[in-house]
Each structure stands twice: as structure tokens, then as C-alpha cells.
file final_9.txt (compact mmCIF, C-alpha atoms and all ligand atoms)
# COMPACT_ATOMS: atom_id res chain seq x y z
CA MET A 8 27.85 -23.78 12.71
CA LYS A 9 28.89 -24.65 16.27
CA LYS A 10 31.67 -27.22 16.65
CA ASN A 11 34.08 -28.36 19.29
CA ILE A 12 37.64 -29.07 18.07
CA LEU A 13 40.24 -30.86 20.16
CA ILE A 14 43.82 -29.67 19.58
CA VAL A 15 46.42 -32.38 20.28
CA PRO A 16 49.83 -31.00 19.29
CA GLY A 17 51.92 -33.91 20.64
CA ASP A 18 55.69 -33.77 20.33
CA GLY A 19 58.46 -31.80 18.63
CA ILE A 20 57.35 -29.66 15.71
CA GLY A 21 53.80 -30.94 16.31
CA GLN A 22 53.50 -28.07 18.80
CA GLU A 23 54.60 -25.36 16.35
CA VAL A 24 52.67 -26.49 13.30
CA THR A 25 49.42 -27.26 15.11
CA GLU A 26 49.38 -23.75 16.55
CA VAL A 27 49.33 -22.45 12.96
CA GLY A 28 46.63 -24.97 11.90
CA LYS A 29 44.47 -23.79 14.79
CA LYS A 30 44.97 -20.09 13.90
CA VAL A 31 43.76 -20.81 10.38
CA LEU A 32 40.63 -22.51 11.77
CA GLU A 33 40.02 -19.40 13.92
CA LYS A 34 40.34 -17.15 10.86
CA ILE A 35 37.90 -19.33 8.91
CA ALA A 36 35.38 -19.30 11.78
CA GLU A 37 35.57 -15.50 11.89
CA LYS A 38 35.27 -15.10 8.11
CA PHE A 39 32.32 -17.48 7.71
CA GLY A 40 30.54 -16.78 11.00
CA HIS A 41 31.07 -20.19 12.65
CA GLU A 42 31.49 -20.79 16.35
CA PHE A 43 34.38 -23.19 16.91
CA THR A 44 35.43 -23.90 20.49
CA TYR A 45 38.74 -25.53 21.35
CA ASP A 46 40.12 -27.76 24.04
CA GLU A 47 43.63 -29.23 24.27
CA ALA A 48 45.01 -32.64 25.29
CA LEU A 49 48.29 -34.53 25.60
CA ILE A 50 49.67 -37.46 23.60
CA GLY A 51 53.08 -39.01 22.98
CA HIS A 52 56.27 -38.11 24.80
CA VAL A 53 54.78 -35.00 26.43
CA ALA A 54 51.99 -37.21 27.82
CA ILE A 55 54.50 -39.79 29.10
CA GLU A 56 56.41 -37.00 30.86
CA ALA A 57 53.24 -35.61 32.46
CA THR A 58 51.35 -38.82 33.28
CA GLY A 59 53.51 -41.88 32.44
CA ASN A 60 50.98 -42.80 29.74
CA PRO A 61 51.38 -41.94 25.98
CA LEU A 62 47.58 -41.75 25.61
CA PRO A 63 45.99 -40.75 28.93
CA ASP A 64 42.33 -41.74 29.44
CA GLU A 65 41.48 -38.05 29.68
CA THR A 66 42.81 -37.47 26.15
CA LEU A 67 40.83 -40.37 24.76
CA GLU A 68 37.64 -39.18 26.48
CA LYS A 69 38.14 -35.66 25.10
CA MET A 70 38.72 -37.10 21.61
CA ARG A 71 35.50 -39.10 21.77
CA ALA A 72 33.57 -36.08 23.01
CA SER A 73 34.85 -33.65 20.36
CA ASP A 74 33.56 -33.10 16.81
CA ALA A 75 37.04 -33.40 15.29
CA VAL A 76 40.68 -33.59 16.37
CA LEU A 77 43.54 -31.51 14.95
CA PHE A 78 46.63 -33.52 15.79
CA GLY A 79 50.35 -32.81 15.41
CA ALA A 80 52.94 -35.57 15.72
CA VAL A 81 54.44 -38.00 18.19
CA GLY A 82 57.97 -39.19 18.79
CA HIS A 83 61.17 -38.44 20.66
CA PRO A 84 64.74 -39.42 19.76
CA LYS A 85 65.45 -40.73 23.25
CA TYR A 86 63.33 -43.83 22.54
CA ASP A 87 64.77 -44.49 19.05
CA ASN A 88 68.06 -45.88 20.34
CA ASP A 89 66.62 -47.56 23.41
CA PRO A 90 65.23 -50.95 22.33
CA SER A 91 64.42 -51.78 25.96
CA ALA A 92 62.00 -48.85 26.44
CA LYS A 93 58.68 -50.27 27.64
CA VAL A 94 56.64 -47.14 26.98
CA ARG A 95 56.96 -45.21 23.71
CA PRO A 96 55.22 -42.13 22.25
CA GLU A 97 54.11 -44.09 19.18
CA GLN A 98 52.05 -46.43 21.39
CA GLY A 99 49.78 -43.46 22.08
CA LEU A 100 49.23 -42.94 18.36
CA LEU A 101 48.46 -46.59 17.64
CA LYS A 102 46.13 -46.87 20.63
CA MET A 103 44.29 -43.72 19.53
CA ARG A 104 43.75 -45.20 16.05
CA LYS A 105 42.52 -48.52 17.46
CA GLU A 106 40.30 -47.04 20.19
CA LEU A 107 38.65 -44.56 17.82
CA GLY A 108 38.32 -47.17 15.03
CA LEU A 109 40.25 -44.93 12.61
CA TYR A 110 40.73 -47.58 9.95
CA ALA A 111 40.99 -45.30 6.88
CA ASN A 112 43.86 -42.87 6.52
CA LEU A 113 43.42 -40.56 3.54
CA ARG A 114 46.63 -38.99 2.29
CA PRO A 115 46.19 -36.67 -0.69
CA ILE A 116 49.42 -36.22 -2.67
CA LYS A 117 48.66 -32.86 -4.14
CA LEU A 118 51.33 -31.06 -6.10
CA PHE A 119 50.86 -27.29 -6.13
CA ASP A 120 52.04 -26.06 -9.56
CA GLU A 121 54.41 -23.57 -7.98
CA LEU A 122 56.36 -26.42 -6.35
CA LEU A 123 57.08 -28.27 -9.59
CA GLU A 124 60.72 -27.24 -9.34
CA ALA A 125 61.02 -28.02 -5.61
CA SER A 126 60.98 -31.76 -6.25
CA SER A 127 63.97 -33.82 -7.23
CA ILE A 128 61.73 -35.49 -9.84
CA LYS A 129 61.71 -33.94 -13.33
CA PRO A 130 58.86 -31.40 -13.81
CA GLU A 131 57.71 -32.97 -17.09
CA ILE A 132 57.11 -36.26 -15.24
CA LEU A 133 55.44 -34.61 -12.25
CA LYS A 134 53.18 -31.94 -13.73
CA GLY A 135 49.52 -32.63 -12.93
CA SER A 136 50.23 -35.41 -10.39
CA ASP A 137 47.26 -35.85 -8.06
CA ILE A 138 47.01 -39.05 -6.03
CA LEU A 139 44.76 -39.99 -3.13
CA PHE A 140 46.18 -42.72 -0.91
CA PHE A 141 43.99 -44.85 1.34
CA ARG A 142 46.28 -46.36 3.95
CA GLU A 143 44.60 -49.02 6.12
CA LEU A 144 45.33 -47.89 9.66
CA THR A 145 44.20 -50.37 12.31
CA GLY A 146 45.53 -53.73 11.11
CA ASP A 147 48.61 -55.38 9.57
CA ILE A 148 51.98 -55.97 11.19
CA TYR A 149 51.43 -52.85 13.33
CA PHE A 150 48.80 -54.55 15.48
CA GLY A 151 49.60 -58.30 15.27
CA GLU A 152 51.34 -60.23 18.00
CA LYS A 153 54.95 -59.19 18.47
CA GLY A 154 57.73 -60.29 20.74
CA ARG A 155 60.94 -62.20 21.31
CA LYS A 156 61.31 -65.96 21.40
CA ASN A 157 62.71 -67.61 24.52
CA ASP A 158 66.31 -67.38 23.29
CA GLY A 159 65.89 -63.59 23.26
CA ASP A 160 67.71 -63.48 19.92
CA THR A 161 64.72 -64.03 17.65
CA ALA A 162 62.04 -61.37 17.25
CA TYR A 163 58.71 -61.52 15.43
CA ASP A 164 55.85 -59.25 14.33
CA ILE A 165 52.81 -60.98 12.93
CA ALA A 166 50.86 -59.37 10.08
CA GLU A 167 47.14 -60.08 10.14
CA TYR A 168 44.15 -58.92 8.08
CA SER A 169 40.55 -60.11 8.14
CA ARG A 170 38.24 -60.06 5.13
CA PHE A 171 36.10 -57.48 6.97
CA GLU A 172 39.05 -55.12 7.50
CA VAL A 173 40.13 -55.28 3.86
CA GLU A 174 36.61 -54.87 2.54
CA ARG A 175 35.78 -51.74 4.53
CA ILE A 176 38.93 -49.83 3.45
CA ALA A 177 38.60 -51.06 -0.14
CA ARG A 178 35.00 -49.82 -0.29
CA LYS A 179 36.10 -46.37 0.90
CA ALA A 180 38.74 -46.30 -1.85
CA PHE A 181 36.32 -47.49 -4.56
CA ASP A 182 33.81 -44.82 -3.47
CA ALA A 183 36.49 -42.12 -3.64
CA ALA A 184 37.67 -43.29 -7.08
CA ARG A 185 34.11 -42.82 -8.31
CA THR A 186 34.28 -39.14 -7.42
CA ARG A 187 37.68 -38.68 -9.13
CA ARG A 188 39.27 -40.13 -12.30
CA LYS A 189 37.74 -43.59 -11.66
CA LYS A 190 41.01 -45.46 -11.36
CA LEU A 191 41.92 -47.60 -8.37
CA CYS A 192 45.33 -49.16 -7.82
CA SER A 193 45.45 -51.77 -5.06
CA VAL A 194 48.99 -52.29 -3.80
CA ASP A 195 50.06 -55.55 -2.15
CA LYS A 196 52.76 -58.21 -2.11
CA ALA A 197 50.52 -61.10 -3.15
CA ASN A 198 53.41 -63.04 -4.69
CA VAL A 199 54.84 -63.55 -1.18
CA LEU A 200 52.41 -62.66 1.65
CA GLU A 201 49.20 -64.49 2.60
CA THR A 202 47.67 -61.27 3.98
CA SER A 203 48.26 -59.74 0.54
CA ARG A 204 46.62 -62.70 -1.21
CA LEU A 205 43.51 -62.18 0.93
CA TRP A 206 43.75 -58.43 0.22
CA ARG A 207 43.83 -59.00 -3.54
CA GLU A 208 41.04 -61.59 -3.39
CA VAL A 209 38.74 -59.17 -1.53
CA VAL A 210 39.45 -56.25 -3.90
CA GLN A 211 38.85 -58.54 -6.90
CA GLN A 212 35.55 -59.71 -5.42
CA LEU A 213 34.37 -56.13 -4.87
CA ALA A 214 35.37 -54.86 -8.32
CA PRO A 215 32.19 -56.03 -10.17
CA GLU A 216 30.15 -53.82 -7.82
CA TYR A 217 32.06 -50.81 -9.20
CA PRO A 218 32.02 -51.41 -12.98
CA ASP A 219 32.77 -47.74 -13.62
CA VAL A 220 36.10 -47.97 -11.73
CA GLU A 221 39.16 -49.37 -13.52
CA VAL A 222 41.05 -51.59 -11.06
CA GLU A 223 44.73 -52.39 -11.22
CA HIS A 224 46.74 -54.59 -8.81
CA MET A 225 50.39 -53.77 -8.28
CA PHE A 226 53.13 -55.28 -6.12
CA VAL A 227 54.48 -52.83 -3.59
CA ASP A 228 58.01 -52.92 -5.01
CA SER A 229 56.67 -52.03 -8.44
CA ALA A 230 54.47 -49.29 -6.96
CA ALA A 231 57.51 -47.78 -5.22
CA MET A 232 59.24 -47.54 -8.58
CA MET A 233 56.20 -46.33 -10.54
CA LEU A 234 55.50 -43.49 -8.09
CA ILE A 235 58.77 -41.90 -9.11
CA LYS A 236 58.79 -43.03 -12.75
CA ASP A 237 55.24 -42.13 -13.70
CA PRO A 238 53.24 -40.59 -10.81
CA ARG A 239 50.44 -39.42 -13.12
CA ARG A 240 49.35 -42.99 -13.81
CA PHE A 241 47.91 -43.12 -10.25
CA ASP A 242 44.52 -41.78 -9.15
CA VAL A 243 43.35 -43.55 -5.97
CA VAL A 244 45.70 -46.03 -4.30
CA VAL A 245 44.59 -48.40 -1.55
CA THR A 246 47.08 -50.34 0.49
CA ALA A 247 47.92 -51.95 3.82
CA ASN A 248 49.19 -50.11 6.89
CA LEU A 249 52.96 -50.61 6.55
CA PHE A 250 53.07 -50.29 2.75
CA GLY A 251 50.98 -47.10 3.02
CA ASP A 252 53.30 -45.60 5.59
CA ILE A 253 56.36 -46.16 3.43
CA LEU A 254 54.86 -45.33 0.04
CA THR A 255 53.37 -42.03 1.20
CA ASP A 256 56.69 -40.85 2.61
CA GLU A 257 58.13 -41.60 -0.82
CA ALA A 258 55.18 -39.89 -2.51
CA SER A 259 55.76 -36.76 -0.44
CA GLN A 260 58.60 -36.02 -2.85
CA ILE A 261 56.00 -35.67 -5.58
CA ALA A 262 54.47 -32.82 -3.56
CA GLY A 263 57.90 -31.25 -2.96
CA SER A 264 58.25 -32.00 0.76
CA MET A 265 56.89 -34.02 3.67
CA GLY A 266 55.93 -30.65 5.08
CA MET A 267 53.19 -30.33 2.45
CA LEU A 268 51.26 -33.54 3.13
CA ALA A 269 48.11 -33.58 5.22
CA SER A 270 46.03 -36.55 6.27
CA ALA A 271 42.60 -37.51 7.54
CA SER A 272 42.00 -40.57 9.68
CA ILE A 273 38.38 -41.60 9.67
CA GLY A 274 36.32 -44.56 10.77
CA ASP A 275 33.86 -45.33 13.52
CA SER A 276 34.18 -42.19 15.62
CA THR A 277 35.70 -38.70 15.73
CA GLY A 278 37.96 -37.91 12.73
CA VAL A 279 41.61 -37.06 13.39
CA TYR A 280 43.50 -34.71 11.07
CA GLU A 281 47.29 -34.47 11.06
CA PRO A 282 50.38 -33.87 8.93
CA ILE A 283 51.93 -37.13 7.71
CA HIS A 284 55.29 -36.01 9.11
CA GLY A 285 56.57 -36.93 12.54
CA SER A 286 57.95 -34.87 15.41
CA ALA A 287 61.23 -33.90 13.63
CA HIS A 288 63.20 -33.11 16.77
CA ASP A 289 66.21 -32.12 14.65
CA ILE A 290 64.38 -28.92 13.66
CA THR A 291 62.13 -28.44 16.70
CA GLY A 292 62.18 -24.95 18.18
CA LYS A 293 64.09 -23.45 15.24
CA GLY A 294 60.99 -21.91 13.67
CA ILE A 295 61.71 -23.52 10.31
CA ALA A 296 59.06 -26.26 10.27
CA ASN A 297 56.62 -26.04 7.38
CA PRO A 298 53.13 -25.54 8.88
CA LEU A 299 51.30 -26.10 5.58
CA ALA A 300 50.66 -29.82 6.23
CA SER A 301 48.83 -28.83 9.42
CA VAL A 302 47.00 -26.04 7.62
CA LEU A 303 45.94 -28.45 4.85
CA SER A 304 44.91 -30.95 7.54
CA ALA A 305 42.62 -28.25 8.93
CA ALA A 306 41.15 -27.93 5.42
CA LEU A 307 40.48 -31.69 5.33
CA LEU A 308 38.86 -31.45 8.78
CA LEU A 309 36.43 -28.78 7.62
CA ASP A 310 35.54 -30.67 4.47
CA ILE A 311 35.29 -34.25 5.79
CA SER A 312 34.10 -33.88 9.40
CA PHE A 313 32.01 -30.70 9.07
CA GLY A 314 30.99 -30.77 5.37
CA LEU A 315 32.29 -27.19 4.96
CA LYS A 316 33.63 -27.46 1.41
CA GLU A 317 33.75 -23.74 0.64
CA GLU A 318 35.69 -23.03 3.84
CA SER A 319 38.05 -25.91 3.07
CA ASP A 320 38.62 -24.66 -0.48
CA THR A 321 39.30 -21.18 0.90
CA ILE A 322 42.25 -22.59 2.87
CA ILE A 323 43.61 -24.49 -0.12
CA ALA A 324 43.31 -21.35 -2.27
CA ALA A 325 45.17 -19.35 0.40
CA VAL A 326 48.03 -21.88 0.38
CA ASP A 327 48.10 -21.73 -3.41
CA LYS A 328 48.28 -17.93 -3.30
CA LEU A 329 51.04 -17.93 -0.69
CA LEU A 330 53.12 -20.15 -2.98
CA LYS A 331 52.21 -18.14 -6.11
CA ASP A 332 53.31 -14.97 -4.31
CA GLY A 333 56.70 -16.63 -4.02
CA PHE A 334 56.77 -17.33 -0.28
CA ARG A 335 58.46 -20.52 0.87
CA THR A 336 59.42 -22.26 4.06
CA ARG A 337 62.98 -23.57 4.17
CA ASP A 338 62.05 -27.14 3.07
CA ILE A 339 60.45 -26.00 -0.20
CA ALA A 340 62.83 -23.15 -1.02
CA ASP A 341 65.53 -23.59 -3.64
CA ALA A 342 68.65 -21.73 -4.71
CA SER A 343 66.57 -19.15 -6.60
CA THR A 344 64.37 -18.24 -3.58
CA PRO A 345 65.34 -14.78 -2.26
CA GLU A 346 66.19 -14.92 1.45
CA ASN A 347 63.41 -12.38 2.28
CA MET A 348 60.80 -14.75 0.80
CA ILE A 349 61.71 -17.59 3.13
CA LEU A 350 59.24 -17.54 6.00
CA ASN A 351 59.47 -19.03 9.44
CA THR A 352 56.67 -21.26 10.75
CA GLN A 353 54.53 -18.52 12.33
CA ALA A 354 55.04 -16.02 9.50
CA ALA A 355 53.89 -18.59 6.94
CA GLY A 356 50.65 -18.93 8.92
CA GLU A 357 50.17 -15.16 9.17
CA GLU A 358 50.71 -14.74 5.42
CA LEU A 359 47.70 -16.98 4.63
N1 LIG A 401 51.78 -37.01 12.39
C1 LIG A 401 52.23 -38.33 12.14
C2 LIG A 401 53.15 -38.87 13.19
O1 LIG A 401 53.21 -38.36 14.28
N2 LIG A 401 53.88 -39.90 12.84
C3 LIG A 401 54.81 -40.49 13.73
C4 LIG A 401 54.71 -41.98 13.81
O2 LIG A 401 55.33 -42.55 14.68
N3 LIG A 401 53.97 -42.65 12.96
C5 LIG A 401 53.83 -44.04 12.93
C6 LIG A 401 53.01 -44.43 11.75
O3 LIG A 401 52.06 -43.74 11.42
O4 LIG A 401 53.28 -45.45 11.15
call {"tool": "encode", "arguments": {"input": "final_9.txt", "output": "C-alpha cells", "more": "lines below"}}
Ligand code: GGG
result
Amino acid sequence: MKKNILIVPGDGIGQEVTEVGKKVLEKIAEKFGHEFTYDEALIGHVAIEATGNPLPDETLEKMRASDAVLFGAVGHPKYDNDPSAKVRPEQGLLKMRKELGLYANLRPIKLFDELLEASSIKPEILKGSDILFFRELTGDIYFGEKGRKNDGDTAYDIAEYSRFEVERIARKAFDAARTRRKKLCSVDKANVLETSRLWREVVQQLAPEYPDVEVEHMFVDSAAMMLIKDPRRFDVVVTANLFGDILTDEASQIAGSMGMLASASIGDSTGVYEPIHGSAHDITGKGIANPLASVLSAALLLDISFGLKEESDTIIAAVDKLLKDGFRTRDIADASTPENMILNTQAAGEEL
């Protein structure tokens, strides 16, 4: 198979981990006789530094022209404490999602058995956890009108959802539930928010079309608690943009570390595959970032964008073996991990 993959490392540890994700794609192409070609583009802080724009037109054009995008992360601490900054790395990420119509963000919370002990949650509660989140990605408070009132002392962000936007993400989640354990949990805050009441109404209206899927509605505060108390009760979860962002960071603890969670953003155009973690400037350049989220994102890319299931499973099996062999990156090591089994970012990639 011939495919063109755009590598967009972005900021901070995005650079280090995406390099490993790309190497794994190269190994897969060699092993299975595929011809993958690569191009590279800028986004985020590195793009602002080079062009003044967090998502240069050239990057967007390359994304549209490619068969899939392997993306890293965006962010830089210098903007975090500067509320007056007019241009921010995250604007590049949001614009990319909107321009490419990437409305569905799939975040599998997969716990590798070997990492049962790496979590702060008790193993007997965790064992067998396997959740697939659908985070809506192009609506909600992220994209509504925002600003300051005339007094300058009052700020607002407006959350908005249309029936169409809720329906298309809900359908994706229902379809996925059908291929799994046939359980769908829709998370909202319908006791308070009008957008959530519309959300619940749409999911309820769709449910009769999927009689084989058991649907449950849960308030986001309850879901936050249940994820830690009883993660195995969840199969597929569908939720709004902001709730999905927060809940999946929480759910990363089920998988042992943020460094283990991959994601796929899909919709109207080229799919984008990236770790759920950000740029992590506190550990950038130290060689201790866990590259497995990028590697597992590459596996999602092969499966979802190219339909290469065997190749994708080969990557997941290699990650499983690496962990079974006892290797760890710093974030998933514990007191019992021998120092010589703790790998740096590049070495973890080479071990696969
Ligand atoms: N790889 C994910 C990433 O770069 N996240 C940084 C970020 O700013 N995310 C905003 C969001 O997805 O809500």
C-alpha cells in the first residue's frame, strides 16, 4: 500500500515522542511491504516562532493533501501566565480541528495487564478495564463566543451545540458500541446546562434505532466519580468537548499514565492521530517522555485511516511484549522496577 503521512510534532515532548511514532511506522512499512512517504509541518509555538501563526496555511494544505497526520502536542509555558497573549499555540490545534472537520475524538482507555500495579487505583477494581471515549471535538464552550464585557472585569465563554453536531458524534459512538460490549454511557450535565438537555434529548431520540445497545445517561460529576470507583462498568462513553477533555485525563490513571493514551480525531477529512498528553515542557529534552502514546496513535492511524488491522495489532502486541519483558519508562515504573529496565524515550522505541 502506498500512503503519504504528514508528521506534525508540534511543541515540547511532541518532538521526541513523534519521532518514535514515525520510526515504528517505518518498521511496519518495511515488515509488511508498504510504501509510506513522509512530509513534515509546523504547528503551535514552534509555528508561531517561525511564522507568527500557530497554524500556517502551508501546514493546513499539507494536512488536507496527506492520507493521515501523526501529530504530537502543542503548548508553551510562556503563554500560560500571560493572559494578554493574543496568539497562542492552542489556537493552532483548535483551528486544525475546525478546518478539517475533526468532530470525533476517539480515546481508548486500554489498561495493559502489566500496568495493573502502576495505577494508584486498586488492581481488583481496575483489572479488565477497557473504555472507548468519544469526545466531541468541534463544538461546545471551546468554539462559542468568548470575551470580556465593557467593564473588562467580566469574562464569558458561550457553550453551544446544534442537534446536528450531537447526532453525528452520538451515531459514531452507537456504531462503536455495537462492535464492542454494546453499552453506551452518554455523559452530560442536563440538570443544569441547556446544551446538555439538547444532548440528552438527541441521544434518547437515537436510542430506538440501536435496540441492541444499552444506553445509560450520567451526569458528568457522577461519571468522574464512577471512573475511579468502578471503571469496568463503562464500555463506550460519549460526551461533549470540555467534559471529554477532563474525564479522559482522569481516565488516564486507569491506564497507568497519560503517557499511555493515544487518540484518533476523525471527521470530514484527513484523520489526525496524537497522544492525549500535551507538550510537557517540564520534562522536554530530558529523554524521559513516554513515547508509547505516540506509538499507539500510529497503531490507530494504521487501523482507522488505512484499514491495516494486522499491522495495527502488531504494534499493540509489541507494546504488550515490551511491558511483559519488564521494560518501563519513568512514568510507569514503580519502586520494584530495576534501574536497568527503565528506558529513555528513544530506547523504548528501539525495544519495540
Ligand atoms: N496532543 C494533545 C495536545 O497537544 N493537547 C494540548 C492542548 O492544548 N489541548 C487542548 C484540548 O485538547 O482541549
call {"tool": "residues_near_ligand", "arguments": {"input": "final_9.txt", "ligand": "ligand LIG 401 (chain A)", "cutoff": "7 Å", "atoms": "all atoms listed in the file", "output": "ChimeraX atom specification"}}
result
/A:79-82,97,249,252,281-286
call {"tool": "atom_distance", "arguments": {"input": "final_9.txt", "atom1": "atom CA of Leu234 of chain A", "atom2": "atom CA of Ile128 of chain A"}}
result
10.3 Å
call {"tool": "residues_around", "arguments": {"input": "final_9.txt", "residues": "Ser319 of chain A", "least_positions_apart": "6", "cutoff": "7 Å", "atoms": "all atoms listed in the file", "output": "NGL selection string"}}
result
:A and (306-307 or 309-310)
call {"tool": "closest_residue", "arguments": {"input": "final_9.txt", "among": "A:Val27, A:Ala75, A:Glu172, A:Ser272", "to": "Thr352 of chain A", "atoms": "all atoms listed in the file"}}
result
A:Val27
call {"tool": "closest_residue", "arguments": {"input": "final_9.txt", "among": "A:Asp289, A:Glu56, A:Glu318, A:Asp74", "to": "Thr44 of chain A", "atoms": "only C-alpha atoms"}}
result
A:Asp74
call {"tool": "atom_distance", "arguments": {"input": "final_9.txt", "atom1": "atom CA of Lys331 of chain A", "atom2": "atom CA of Phe140 of chain A"}}
result
25.8 Å
call {"tool": "residues_near_point", "arguments": {"input": "final_9.txt", "point": "(42.4, -38.5, 1.2)", "cutoff": "9 Å", "atoms": "all atoms listed in the file", "output": "MDAnalysis selection string"}}
result
chainID A and resid 111:116 138:141 183 243 269:272 307
call {"tool": "atom_distance", "arguments": {"input": "final_9.txt", "atom1": "atom CA of Ile290 of chain A", "atom2": "atom CA of Met265 of chain A"}}
result
13.5 Å
call {"tool": "residues_around", "arguments": {"input": "final_9.txt", "residues": "segment 100-102 of chain A", "least_positions_apart": "3", "cutoff": "10 Å", "atoms": "only C-alpha atoms", "output": "PDB file with C-alpha atoms, keeping the file's coordinate frame"}}
result
ATOM      1  CA  GLY A  17      51.920 -33.910  20.640  1.00  0.00           C
ATOM      2  CA  ILE A  50      49.670 -37.460  23.600  1.00  0.00           C
ATOM      3  CA  GLY A  51      53.080 -39.010  22.980  1.00  0.00           C
ATOM      4  CA  PRO A  61      51.380 -41.940  25.980  1.00  0.00           C
ATOM      5  CA  LEU A  62      47.580 -41.750  25.610  1.00  0.00           C
ATOM      6  CA  LEU A  67      40.830 -40.370  24.760  1.00  0.00           C
ATOM      7  CA  ALA A  80      52.940 -35.570  15.720  1.00  0.00           C
ATOM      8  CA  VAL A  81      54.440 -38.000  18.190  1.00  0.00           C
ATOM      9  CA  GLY A  82      57.970 -39.190  18.790  1.00  0.00           C
ATOM     10  CA  ARG A  95      56.960 -45.210  23.710  1.00  0.00           C
ATOM     11  CA  PRO A  96      55.220 -42.130  22.250  1.00  0.00           C
ATOM     12  CA  GLU A  97      54.110 -44.090  19.180  1.00  0.00           C
ATOM     13  CA  LYS A 105      42.520 -48.520  17.460  1.00  0.00           C
ATOM     14  CA  GLU A 106      40.300 -47.040  20.190  1.00  0.00           C
ATOM     15  CA  LEU A 107      38.650 -44.560  17.820  1.00  0.00           C
ATOM     16  CA  GLY A 108      38.320 -47.170  15.030  1.00  0.00           C
ATOM     17  CA  LEU A 109      40.250 -44.930  12.610  1.00  0.00           C
ATOM     18  CA  LEU A 144      45.330 -47.890   9.660  1.00  0.00           C
ATOM     19  CA  THR A 145      44.200 -50.370  12.310  1.00  0.00           C
ATOM     20  CA  TYR A 149      51.430 -52.850  13.330  1.00  0.00           C
ATOM     21  CA  PHE A 150      48.800 -54.550  15.480  1.00  0.00           C
TER      22      PHE A 150
END
call {"tool": "residues_around", "arguments": {"input": "final_9.txt", "residues": "Ser169 of chain A", "least_positions_apart": "4", "cutoff": "12 Å", "atoms": "all atoms listed in the file", "output": "ChimeraX atom specification"}}
result
/A:143,145-147,151,173-176,201-206,208-209,247
call {"tool": "closest_residue", "arguments": {"input": "final_9.txt", "among": "A:Tyr168, A:Phe119, A:Ser136, A:Tyr110", "to": "Ile273 of chain A", "atoms": "all atoms listed in the file"}}
result
A:Tyr110
call {"tool": "closest_residue", "arguments": {"input": "final_9.txt", "among": "A:Ala57, A:Ile35, A:Leu330, A:Leu13", "to": "Gly278 of chain A", "atoms": "all atoms listed in the file"}}
result
A:Leu13
call {"tool": "axis_aligned_box", "arguments": {"input": "final_9.txt", "around": "segment 222-227 of chain A", "padding_each_side": "8 Å", "output": "lines of an AutoDock Vina configuration file"}}
result
center_x = 47.8
center_y = -53.4
center_z = -7.4
size_x = 29.4
size_y = 19.7
size_z = 23.6
call {"tool": "residues_around", "arguments": {"input": "final_9.txt", "residues": "Arg155 of chain A", "least_positions_apart": "4", "cutoff": "12 Å", "atoms": "only C-alpha atoms", "output": "list in words"}}
result
Ser91, Gly159, Asp160, Thr161, Ala162, Tyr163, Asp164 and Ile165 of chain A
call {"tool": "closest_residue", "arguments": {"input": "final_9.txt", "among": "A:Phe250, A:Phe241, A:Phe78, A:Phe181", "to": "Pro218 of chain A", "atoms": "only C-alpha atoms"}}
result
A:Phe181
call {"tool": "closest_residue", "arguments": {"input": "final_9.txt", "among": "A:Glu216, A:Asp320, A:Glu221, A:Glu124", "to": "Val244 of chain A", "atoms": "only C-alpha atoms"}}
result
A:Glu221
call {"tool": "residues_near_point", "arguments": {"input": "final_9.txt", "point": "(45.4, -57.1, -8.8)", "cutoff": "6 Å", "atoms": "only C-alpha atoms", "output": "JSON, numbers by chain"}}
result
{"A": [207, 223, 224]}
call {"tool": "residues_around", "arguments": {"input": "final_9.txt", "residues": "Thr344 of chain A", "least_positions_apart": "6", "cutoff": "9 Å", "atoms": "all atoms listed in the file", "output": "list in words"}}
result
Gly333, Phe334 and Arg335 of chain A
call {"tool": "decode", "arguments": {"input": "final_9.txt", "residues": "segment 138-149 of chain A", "atoms": "N, CA and C atoms", "output": "JSON list (two decimals), in the first residue's frame"}}
result
[["chain", "number", "residue", "atom", "x", "y", "z"],
["A", 138, "ILE", "N", -12.22, 1.01, 28.08],
["A", 138, "ILE", "CA", -13.25, 2.03, 27.79],
["A", 138, "ILE", "C", -12.86, 2.73, 26.49],
["A", 139, "LEU", "N", -13.86, 3.04, 25.68],
["A", 139, "LEU", "CA", -13.61, 3.86, 24.49],
["A", 139, "LEU", "C", -14.40, 5.16, 24.62],
["A", 140, "PHE", "N", -13.66, 6.25, 24.78],
["A", 140, "PHE", "CA", -14.31, 7.56, 24.87],
["A", 140, "PHE", "C", -14.51, 8.15, 23.47],
["A", 141, "PHE", "N", -15.67, 8.76, 23.26],
["A", 141, "PHE", "CA", -15.89, 9.63, 22.10],
["A", 141, "PHE", "C", -16.06, 11.04, 22.65],
["A", 142, "ARG", "N", -15.03, 11.84, 22.44],
["A", 142, "ARG", "CA", -15.10, 13.24, 22.86],
["A", 142, "ARG", "C", -15.49, 14.08, 21.64],
["A", 143, "GLU", "N", -16.59, 14.83, 21.75],
["A", 143, "GLU", "CA", -16.96, 15.73, 20.64],
["A", 143, "GLU", "C", -15.86, 16.78, 20.57],
["A", 144, "LEU", "N", -15.46, 17.17, 19.35],
["A", 144, "LEU", "CA", -14.21, 17.96, 19.28],
["A", 144, "LEU", "C", -14.33, 19.31, 18.57],
["A", 145, "THR", "N", -15.47, 19.62, 17.98],
["A", 145, "THR", "CA", -15.50, 20.90, 17.24],
["A", 145, "THR", "C", -16.63, 21.82, 17.71],
["A", 146, "GLY", "N", -17.19, 21.55, 18.89],
["A", 146, "GLY", "CA", -18.24, 22.42, 19.40],
["A", 146, "GLY", "C", -18.00, 22.75, 20.86],
["A", 147, "ASP", "N", -19.11, 23.12, 21.56],
["A", 147, "ASP", "CA", -19.07, 23.37, 23.00],
["A", 147, "ASP", "C", -18.45, 24.73, 23.33],
["A", 148, "ILE", "N", -18.10, 24.88, 24.56],
["A", 148, "ILE", "CA", -17.55, 26.14, 25.09],
["A", 148, "ILE", "C", -16.21, 26.50, 24.42],
["A", 149, "TYR", "N", -15.57, 25.49, 23.81],
["A", 149, "TYR", "CA", -14.29, 25.74, 23.13],
["A", 149, "TYR", "C", -14.46, 26.69, 21.95]]
